[in-house]
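Enquirer: TSV, C-alpha atoms and all ligand atoms, saved as data_18.tsv, coming up:
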```tsv
chain	number	residue	atom	x	y	z
A	1	MET	CA	-56.50	10.24	35.02
A	2	LYS	CA	-54.30	8.33	37.46
A	3	THR	CA	-53.45	5.78	34.78
A	4	LEU	CA	-52.48	8.57	32.42
A	5	LEU	CA	-50.23	10.08	35.05
A	6	LYS	CA	-48.63	6.71	35.66
A	7	LEU	CA	-48.03	6.24	31.93
A	8	CYS	CA	-46.47	9.69	31.75
A	9	LEU	CA	-44.17	8.90	34.65
A	10	ILE	CA	-43.12	5.62	33.04
A	11	ALA	CA	-42.52	7.38	29.73
A	12	LEU	CA	-40.48	10.02	31.52
A	13	ALA	CA	-38.43	7.37	33.31
A	14	LEU	CA	-37.74	5.66	29.99
A	15	MET	CA	-36.73	8.95	28.42
A	16	GLN	CA	-34.33	9.65	31.23
A	17	ALA	CA	-32.81	6.21	30.93
A	18	HIS	CA	-32.11	6.88	27.26
A	19	PRO	CA	-28.34	7.21	26.95
A	20	ALA	CA	-28.10	9.91	24.24
A	21	ALA	CA	-25.62	12.60	25.16
A	22	ALA	CA	-27.93	15.21	23.66
A	23	HIS	CA	-30.18	15.13	26.68
A	24	ALA	CA	-30.58	18.55	28.23
A	25	VAL	CA	-29.15	18.31	31.71
A	26	VAL	CA	-28.64	21.48	33.68
A	27	THR	CA	-24.91	21.88	34.28
A	28	ASP	CA	-24.95	25.29	35.92
A	29	TYR	CA	-27.29	28.04	37.04
A	30	SER	CA	-26.66	31.58	38.21
A	31	LEU	CA	-28.53	31.11	41.50
A	32	LYS	CA	-25.50	29.25	42.81
A	33	MET	CA	-23.36	32.38	42.59
A	34	GLN	CA	-25.93	35.17	42.48
A	35	PRO	CA	-28.95	34.80	44.74
A	36	ILE	CA	-32.10	36.60	43.72
A	37	ARG	CA	-32.52	39.98	45.38
A	38	ALA	CA	-35.75	40.65	47.23
A	39	ASN	CA	-38.50	42.83	45.80
A	40	GLN	CA	-37.05	43.50	42.37
A	41	PRO	CA	-37.28	41.66	39.07
A	42	ASP	CA	-34.28	39.52	38.34
A	43	LYS	CA	-32.94	37.02	35.84
A	44	VAL	CA	-31.67	33.49	36.27
A	45	VAL	CA	-29.26	32.06	33.73
A	46	MET	CA	-29.45	28.30	33.31
A	47	THR	CA	-26.85	26.39	31.36
A	48	PHE	CA	-27.59	23.01	29.81
A	49	ASN	CA	-25.23	20.49	28.30
A	50	SER	CA	-27.09	20.60	25.00
A	51	GLN	CA	-29.09	22.95	22.86
A	52	VAL	CA	-32.58	23.64	24.21
A	53	GLU	CA	-35.79	24.12	22.21
A	54	ILE	CA	-36.98	27.30	23.89
A	55	GLY	CA	-40.36	27.34	22.19
A	56	LEU	CA	-41.20	23.90	23.60
A	57	SER	CA	-39.75	24.38	27.05
A	58	GLN	CA	-41.54	25.67	30.13
A	59	VAL	CA	-40.22	27.15	33.33
A	60	PHE	CA	-42.42	27.74	36.37
A	61	LEU	CA	-41.91	29.61	39.59
A	62	VAL	CA	-43.25	27.55	42.47
A	63	SER	CA	-44.14	29.56	45.54
A	64	LYS	CA	-45.85	28.96	48.87
A	65	GLY	CA	-48.97	26.81	48.61
A	66	ASP	CA	-47.62	25.00	45.52
A	67	LYS	CA	-48.57	27.99	43.36
A	68	HIS	CA	-47.13	27.69	39.84
A	69	ASP	CA	-46.50	30.69	37.63
A	70	MET	CA	-45.07	30.30	34.16
A	71	LEU	CA	-41.99	32.45	33.65
A	72	LYS	CA	-40.80	34.12	30.49
A	73	ILE	CA	-37.74	32.46	29.02
A	74	GLY	CA	-35.34	33.38	26.27
A	75	ALA	CA	-32.10	32.25	24.70
A	76	GLY	CA	-28.82	33.15	26.37
A	77	GLU	CA	-25.60	34.15	24.67
A	78	LYS	CA	-24.17	30.66	24.58
A	79	GLN	CA	-25.68	27.51	23.15
A	80	GLY	CA	-27.70	25.64	25.74
A	81	GLN	CA	-28.21	28.77	27.81
A	82	LEU	CA	-31.63	29.82	28.98
A	83	ILE	CA	-32.49	33.17	30.53
A	84	VAL	CA	-35.40	33.01	32.96
A	85	GLU	CA	-37.15	36.24	33.91
A	86	VAL	CA	-38.12	36.24	37.56
A	87	PRO	CA	-40.62	38.82	38.84
A	88	ALA	CA	-40.07	40.79	42.04
A	89	LEU	CA	-40.25	38.33	44.93
A	90	ALA	CA	-40.82	38.80	48.63
A	91	PRO	CA	-38.26	37.09	50.87
A	92	GLY	CA	-39.03	33.39	51.29
A	93	ASP	CA	-38.56	29.95	49.83
A	94	TYR	CA	-39.26	29.22	46.19
A	95	ALA	CA	-38.43	26.75	43.46
A	96	ILE	CA	-37.89	26.88	39.75
A	97	LYS	CA	-39.48	23.92	38.03
A	98	PHE	CA	-38.46	23.35	34.45
A	99	LYS	CA	-39.53	21.12	31.59
A	100	VAL	CA	-36.96	21.47	28.89
A	101	PHE	CA	-36.80	19.88	25.46
A	102	ALA	CA	-33.35	19.12	24.16
A	103	ALA	CA	-32.53	19.37	20.47
A	104	ASP	CA	-33.12	15.60	20.24
A	105	GLY	CA	-36.73	16.09	21.38
A	106	HIS	CA	-36.34	14.52	24.78
A	107	LEU	CA	-37.87	16.09	27.83
A	108	THR	CA	-35.99	16.80	31.02
A	109	GLU	CA	-37.90	17.82	34.11
A	110	ASP	CA	-36.27	19.06	37.28
A	111	VAL	CA	-36.66	21.45	40.19
A	112	ILE	CA	-34.19	23.91	41.67
A	113	HIS	CA	-34.99	25.17	45.16
A	114	PHE	CA	-33.86	28.60	46.26
A	115	SER	CA	-34.49	31.22	48.89
A	116	VAL	CA	-34.79	34.97	48.65
A	117	ALA	CA	-33.14	36.66	51.61
A	118	GLN	CA	-34.52	39.69	53.39
B	1	CU	CU	-32.12	12.09	24.24
```
When written as structure tokens, how does the structure in this file appear?
Expert:
Amino acid sequence: MKTLLKLCLIALALMQAHPAAAHAVVTDYSLKMQPIRANQPDKVVMTFNSQVEIGLSQVFLVSKGDKHDMLKIGAGEKQGQLIVEVPALAPGDYAIKFKVFAADGHLTEDVIHFSVAQ
């Protein structure tokens, strides 16, 4: 299992070193301008520099205790835009962890940390 994990990490590192411009890198996300409001469902808009294969991509909400919940995602209005549906959250610290496939089939994995204010 550990070897497999190591191989995955190496593969991921190689993928990220790949110079193709089509790699999906997050260029903007709505949390920067619009924080999530407490105790009501909300949406996060993520913008990538390339088209994203929504069916192959996964977005998780990470909450206290390293709890992962898969979030519903959909296409945004613009190309490379992803709409993430966030359930009602209590105030606190969270993260959005995403594994996104670009149109060229390469995987990008990253984490965005955010807080929900009282
Ligand atoms: Cu690529």
Enquirer: Please identify all polymer residues within 6 Å of A:Ala38, counting only C-alpha atoms, omitting same-chain residues fewer than 4 positions from it, and present them as a list in words.
Expert: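 Those residues are Leu89, Ala90, Pro91 and Val116 of chain A.
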Enquirer: Quick one: residues within 8 Å of stretch 44-61 of chain A, all atoms listed in the file, excluding same-chain residues fewer than 2 positions away - as JSON, numbers by chain?
Expert: {"A": [22, 23, 24, 25, 26, 27, 28, 29, 30, 31, 42, 63, 67, 68, 69, 70, 71, 72, 73, 74, 75, 76, 79, 80, 81, 82, 83, 84, 85, 86, 94, 95, 96, 97, 98, 99, 100, 101, 102, 103]}
Enquirer: Let me know the centre plus edge lengths, in Å and rounded to one decimal, of a box with edges along x, y and z that contains all listed atoms of stretch 67-75 of chain A and is padded by 4 Å on every side, as JSON.
Expert:
```
{"center_x": -40.3, "center_y": 30.9, "center_z": 34.0, "size_x": 24.5, "size_y": 14.4, "size_z": 26.7}
```
Enquirer: Between atom CA of A:Phe114 and atom CA of A:Pro35, what is the distance in Å, rounded to a tenth?
Expert: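 Computing the Euclidean distance for atom CA of A:Phe114 and atom CA of A:Pro35 yields 8.1 Å.
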Enquirer: Given all atoms listed in the file as the basis, pick out the residue of A:Val62, A:Ile36, A:Leu107, A:Ala117 nearest to ligand CU 1 (chain B).
Expert: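 Ranking A:Val62, A:Ile36, A:Leu107, A:Ala117 by distance to ligand CU 1 (chain B), first place goes to A:Leu107.
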Enquirer: Looking at all atoms listed in the file, which of A:Gly105, A:Ile112, A:Asn39, A:Ala88 is the one that sits closest to ligand CU 1 (chain B)?
Expert: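 Distance minimum relative to ligand CU 1 (chain B) lands on A:Gly105.
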Enquirer: Taking into account all atoms listed in the file, which residue in the set A:Thr108, A:Glu77, A:Gln40, A:Gln118 is nearest to ligand CU 1 (chain B)?
Expert: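 Nearest candidate to ligand CU 1 (chain B) out of A:Thr108, A:Glu77, A:Gln40, A:Gln118: A:Thr108.
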Enquirer: Would you mind reading off the distance between atom CA of A:Gln34 and atom CA of A:Glu109, one decimal, in Å?
Expert: 22.7 Å
Enquirer: Which residue out of A:Asp110, A:Asp93, A:Asp104, A:Lys78 has the minimum interatomic distance to ligand CU 1 (chain B) when only C-alpha atoms and all ligand atoms are used?
Expert: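 With only C-alpha atoms and all ligand atoms as the atom set, the closest residue is A:Asp104.
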Enquirer: Find, counting all atoms listed in the file, the residue in A:His106, A:His113, A:Lys43, A:Gly92 that gets nearest to ligand CU 1 (chain B).
Expert: A:His106
